[in-house]
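Everything below concerns the one structure shown next.
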Amino acid sequence: MGKISSALYEIHELDEMAEKNTRLNEVHPLVKLTITVVYITCVVSFHKYNLFGLLPFLLYPLVVFNLAEISIKSCFKKLRVVLPLICFIGLFNPFFDHIPLYRIGSLVISGGMISMLTLIIKGTFALVASFLLIATTGIERICYALKLLRLPSIIVTQILLTYRYITLLLKEANAVFQAYSLRAPNEKGVRYKVWGSLLGQLLFRSIDRAGNLYDSMLLRGFTGEFYYARTQKSSGTDYGYLFLWLGIFLALRLLNIGAYVSLLW
């Protein structure tokens, strides 16, 4: 129950970050979405052995953390569940790739070690960039940017409602498990014998709440598409911010700093 409450608090905190009055939050959402997509594309395009070429891309999240006034600790705290999965994916690379790439004295560094670190850094950079996009933009403005890209309305609506219904599901789960803990105060967890009934109650409660919400949406004129009130016109500052980062990403990708560093090794 405590974990569910913590998850609800973190989602609420993420929405509050998007509403902060900072210069970065006021940048057009389509600009930030474009920068994030280009950044992730550049990061994942590196060869599995080009570890040093990835490192300069640390510049982008560090600058955005500073501009958005978001602590790095808060970011990694919210990504603590996903980051271990990224690390686990590349964990077995050293066992399958024994090609020697670098030598430091008597220490030989294999291709598996380099590819494992490269994969971890790629995943971390991509996750952090996605987090910064949501934390500085908000789901509504991201959906607004997707709508400007002429993405089908049904897909945009599904993205928005899925994000919002996660909060609803967590609230219902919190209510169910809180009721269980009140009826069984001496138990540290949920007995496996009642897992099925609790999940069934959670499903029915969520469906009932979702139906009520949908009825209220229909009463307010919902016809299958959201009309975003927070429309925003792009300015010269937005274009400047966009082309600045695109130029930096292009330079970092084409210069291939990793190749020059590798020669020193």
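Just remember, in the structure tokens the first chain shown is A, the second B, etc., residues are 1-based per chain, and ligands are 1-based in the order shown.
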
Give me, as a PyMOL selection string, the residues of range 139-219 of chain A that a backbone DSSP run labels alpha helix (DSSP H). chain A and resi 139-148+153-183+195-219

Show me, as a list of chain:residue names, the residues that have an atom within 6 Å of Ala135 in chain A when counting only C-alpha atoms, minus same-chain residues fewer than 4 positions from it.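 The residues satisfying every condition are A:Leu14, A:Met17, A:Ala18, A:Phe131.
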
Residue selection dump (C-alpha atoms) as a short mmCIF file (atom, residue, chain, number, x, y, z; two decimals), in the first residue's frame:
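As a result, again.cif now contains:
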```
data_model
loop_
_atom_site.label_atom_id
_atom_site.label_comp_id
_atom_site.auth_asym_id
_atom_site.auth_seq_id
_atom_site.Cartn_x
_atom_site.Cartn_y
_atom_site.Cartn_z
CA LEU A 14 5.70 14.95 -12.13
CA MET A 17 7.09 19.86 -12.43
CA ALA A 18 5.41 20.40 -15.79
CA PHE A 131 11.67 11.87 -18.30
#
```

Would you please work out which residue, of A:Tyr180, A:Ile70, A:Leu91, A:Ile207, is nearest to Trp195 in chain A when using only C-alpha atoms?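 The closest residue to Trp195 in chain A is A:Tyr180.
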
For CA of Leu161 in chain A and CA of Leu79 in chain A, quote the distance in Å rounded to one decimal. 21.7 Å

How many Å lie between CA of Thr237 in chain A and CA of Leu160 in chain A, rounded to one decimal? 27.8 Å

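Backbone DSSP over range 49-123 of chain A gives strand (DSSP E) for Pro100, Leu101, Tyr102, Arg103, Ile104, Leu107, Val108, Ile109 and Ser110 of chain A.
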
Can you work out the spacing between CA of Pro29 in chain A and CA of Trp245 in chain A in Å, to one decimal?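 It comes out at 14.7 Å.
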
List the spatial neighbours of Leu59 in chain A as a ChimeraX atom specification - criterion: any atom at most 12 Å away, only C-alpha atoms, same-chain residues fewer than 6 positions off excluded. /A:39,65-66,125,129,245,248-249,252

Could you save those same residues with all heavy atoms as a JSON list (two decimals), in the first residue's frame?
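Dumped to selection.json:
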```json
[["chain", "number", "residue", "atom", "x", "y", "z"],
["A", 39, "TYR", "N", 17.54, 13.55, -30.23],
["A", 39, "TYR", "CA", 18.57, 13.16, -29.25],
["A", 39, "TYR", "C", 18.61, 11.64, -29.07],
["A", 39, "TYR", "O", 19.69, 11.03, -29.13],
["A", 39, "TYR", "CB", 18.27, 13.84, -27.92],
["A", 39, "TYR", "CG", 19.19, 13.43, -26.79],
["A", 39, "TYR", "CD1", 20.46, 13.97, -26.67],
["A", 39, "TYR", "CD2", 18.78, 12.50, -25.84],
["A", 39, "TYR", "CE1", 21.31, 13.59, -25.64],
["A", 39, "TYR", "CE2", 19.62, 12.12, -24.80],
["A", 39, "TYR", "CZ", 20.88, 12.67, -24.71],
["A", 39, "TYR", "OH", 21.72, 12.29, -23.69],
["A", 65, "PHE", "N", 18.54, 19.75, -16.97],
["A", 65, "PHE", "CA", 18.33, 19.69, -15.53],
["A", 65, "PHE", "C", 18.50, 21.07, -14.90],
["A", 65, "PHE", "O", 17.73, 21.47, -14.02],
["A", 65, "PHE", "CB", 19.31, 18.71, -14.89],
["A", 65, "PHE", "CG", 18.87, 17.28, -14.90],
["A", 65, "PHE", "CD1", 19.67, 16.30, -15.47],
["A", 65, "PHE", "CD2", 17.66, 16.90, -14.35],
["A", 65, "PHE", "CE1", 19.27, 14.98, -15.50],
["A", 65, "PHE", "CE2", 17.24, 15.57, -14.37],
["A", 65, "PHE", "CZ", 18.06, 14.61, -14.95],
["A", 66, "ASN", "N", 19.50, 21.78, -15.36],
["A", 66, "ASN", "CA", 19.76, 23.10, -14.81],
["A", 66, "ASN", "C", 18.69, 24.11, -15.23],
["A", 66, "ASN", "O", 18.20, 24.88, -14.41],
["A", 66, "ASN", "CB", 21.14, 23.58, -15.27],
["A", 66, "ASN", "CG", 21.54, 24.90, -14.65],
["A", 66, "ASN", "OD1", 21.40, 25.09, -13.45],
["A", 66, "ASN", "ND2", 22.04, 25.82, -15.45],
["A", 125, "PHE", "N", 20.48, 7.33, -21.09],
["A", 125, "PHE", "CA", 20.30, 8.62, -21.75],
["A", 125, "PHE", "C", 18.90, 8.74, -22.35],
["A", 125, "PHE", "O", 18.26, 9.79, -22.25],
["A", 125, "PHE", "CB", 21.35, 8.79, -22.86],
["A", 125, "PHE", "CG", 22.70, 9.19, -22.36],
["A", 125, "PHE", "CD1", 22.95, 9.36, -20.99],
["A", 125, "PHE", "CD2", 23.76, 9.38, -23.23],
["A", 125, "PHE", "CE1", 24.20, 9.72, -20.51],
["A", 125, "PHE", "CE2", 25.01, 9.75, -22.76],
["A", 125, "PHE", "CZ", 25.22, 9.91, -21.41],
["A", 129, "ALA", "N", 16.15, 11.45, -21.05],
["A", 129, "ALA", "CA", 15.60, 12.43, -22.01],
["A", 129, "ALA", "C", 14.07, 12.36, -22.04],
["A", 129, "ALA", "O", 13.40, 13.40, -22.10],
["A", 129, "ALA", "CB", 16.16, 12.16, -23.41],
["A", 245, "TRP", "N", 20.24, 23.06, -30.42],
["A", 245, "TRP", "CA", 20.45, 21.69, -30.00],
["A", 245, "TRP", "C", 20.63, 20.75, -31.19],
["A", 245, "TRP", "O", 21.45, 19.81, -31.12],
["A", 245, "TRP", "CB", 19.29, 21.21, -29.13],
["A", 245, "TRP", "CG", 19.40, 21.64, -27.71],
["A", 245, "TRP", "CD1", 18.55, 22.46, -27.02],
["A", 245, "TRP", "CD2", 20.44, 21.30, -26.79],
["A", 245, "TRP", "NE1", 19.00, 22.64, -25.73],
["A", 245, "TRP", "CE2", 20.15, 21.95, -25.55],
["A", 245, "TRP", "CE3", 21.59, 20.53, -26.88],
["A", 245, "TRP", "CZ2", 20.97, 21.82, -24.44],
["A", 245, "TRP", "CZ3", 22.42, 20.40, -25.76],
["A", 245, "TRP", "CH2", 22.10, 21.05, -24.56],
["A", 248, "ILE", "N", 24.17, 21.07, -32.19],
["A", 248, "ILE", "CA", 25.06, 20.41, -31.23],
["A", 248, "ILE", "C", 25.02, 18.90, -31.41],
["A", 248, "ILE", "O", 26.07, 18.23, -31.45],
["A", 248, "ILE", "CB", 24.69, 20.80, -29.79],
["A", 248, "ILE", "CG1", 24.98, 22.29, -29.54],
["A", 248, "ILE", "CG2", 25.44, 19.94, -28.78],
["A", 248, "ILE", "CD1", 24.50, 22.79, -28.19],
["A", 249, "PHE", "N", 23.82, 18.34, -31.56],
["A", 249, "PHE", "CA", 23.69, 16.89, -31.75],
["A", 249, "PHE", "C", 24.39, 16.44, -33.03],
["A", 249, "PHE", "O", 25.08, 15.42, -33.06],
["A", 249, "PHE", "CB", 22.22, 16.48, -31.79],
["A", 249, "PHE", "CG", 21.48, 16.72, -30.51],
["A", 249, "PHE", "CD1", 20.10, 16.85, -30.51],
["A", 249, "PHE", "CD2", 22.15, 16.83, -29.31],
["A", 249, "PHE", "CE1", 19.41, 17.07, -29.34],
["A", 249, "PHE", "CE2", 21.47, 17.05, -28.12],
["A", 249, "PHE", "CZ", 20.09, 17.17, -28.14],
["A", 252, "LEU", "N", 28.21, 16.58, -32.51],
["A", 252, "LEU", "CA", 28.69, 15.51, -31.64],
["A", 252, "LEU", "C", 28.63, 14.15, -32.34],
["A", 252, "LEU", "O", 29.48, 13.28, -32.11],
["A", 252, "LEU", "CB", 27.86, 15.46, -30.35],
["A", 252, "LEU", "CG", 28.02, 16.64, -29.39],
["A", 252, "LEU", "CD1", 27.09, 16.48, -28.20],
["A", 252, "LEU", "CD2", 29.46, 16.79, -28.93]]
```

Top pick for closest residue to Leu199 in chain A, considering A:Leu169, A:Leu218, A:Leu30, A:Ile35 and counting only C-alpha atoms: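 Comparing A:Leu169, A:Leu218, A:Leu30, A:Ile35 against Leu199 in chain A, the winner is A:Leu169.
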
Could you give me, as a VMD selection string, the residues within 10 Å of Lys78 in chain A, counting only C-alpha atoms and dropping anything in the same chain fewer than 2 positions from it? chain A and resid 7 10 to 11 14 73 to 76 80 to 83 131

Quick one: write out the picked residues with N, CA and C atoms as a tab-separated table (two decimals), in the first residue's frame?
```tsv
chain	number	residue	atom	x	y	z
A	7	ALA	N	3.78	5.86	-5.54
A	7	ALA	CA	3.65	6.01	-7.00
A	7	ALA	C	2.68	7.13	-7.35
A	10	GLU	N	4.42	10.42	-6.78
A	10	GLU	CA	5.42	10.73	-7.80
A	10	GLU	C	4.78	11.18	-9.10
A	11	ILE	N	3.64	10.60	-9.46
A	11	ILE	CA	2.93	11.05	-10.65
A	11	ILE	C	2.43	12.48	-10.45
A	14	LEU	N	5.30	14.78	-10.74
A	14	LEU	CA	5.70	14.95	-12.13
A	14	LEU	C	4.82	15.97	-12.84
A	73	LYS	N	18.82	13.77	-8.62
A	73	LYS	CA	18.42	12.74	-7.67
A	73	LYS	C	16.95	12.39	-7.83
A	74	SER	N	16.10	13.40	-8.03
A	74	SER	CA	14.67	13.16	-8.22
A	74	SER	C	14.41	12.36	-9.48
A	75	CYS	N	15.17	12.64	-10.53
A	75	CYS	CA	15.00	11.90	-11.79
A	75	CYS	C	15.30	10.42	-11.61
A	76	PHE	N	16.47	10.12	-11.05
A	76	PHE	CA	16.85	8.71	-10.91
A	76	PHE	C	16.01	7.99	-9.87
A	80	ARG	N	14.00	4.46	-10.90
A	80	ARG	CA	14.71	3.38	-10.19
A	80	ARG	C	14.18	1.99	-10.55
A	81	VAL	N	12.93	1.91	-11.02
A	81	VAL	CA	12.37	0.60	-11.36
A	81	VAL	C	12.82	0.17	-12.75
A	82	VAL	N	12.96	1.12	-13.66
A	82	VAL	CA	13.27	0.80	-15.06
A	82	VAL	C	14.76	0.65	-15.30
A	83	LEU	N	15.57	1.45	-14.63
A	83	LEU	CA	17.01	1.43	-14.87
A	83	LEU	C	17.66	0.07	-14.64
A	131	PHE	N	12.12	11.32	-19.58
A	131	PHE	CA	11.67	11.87	-18.30
A	131	PHE	C	11.67	13.40	-18.33
```
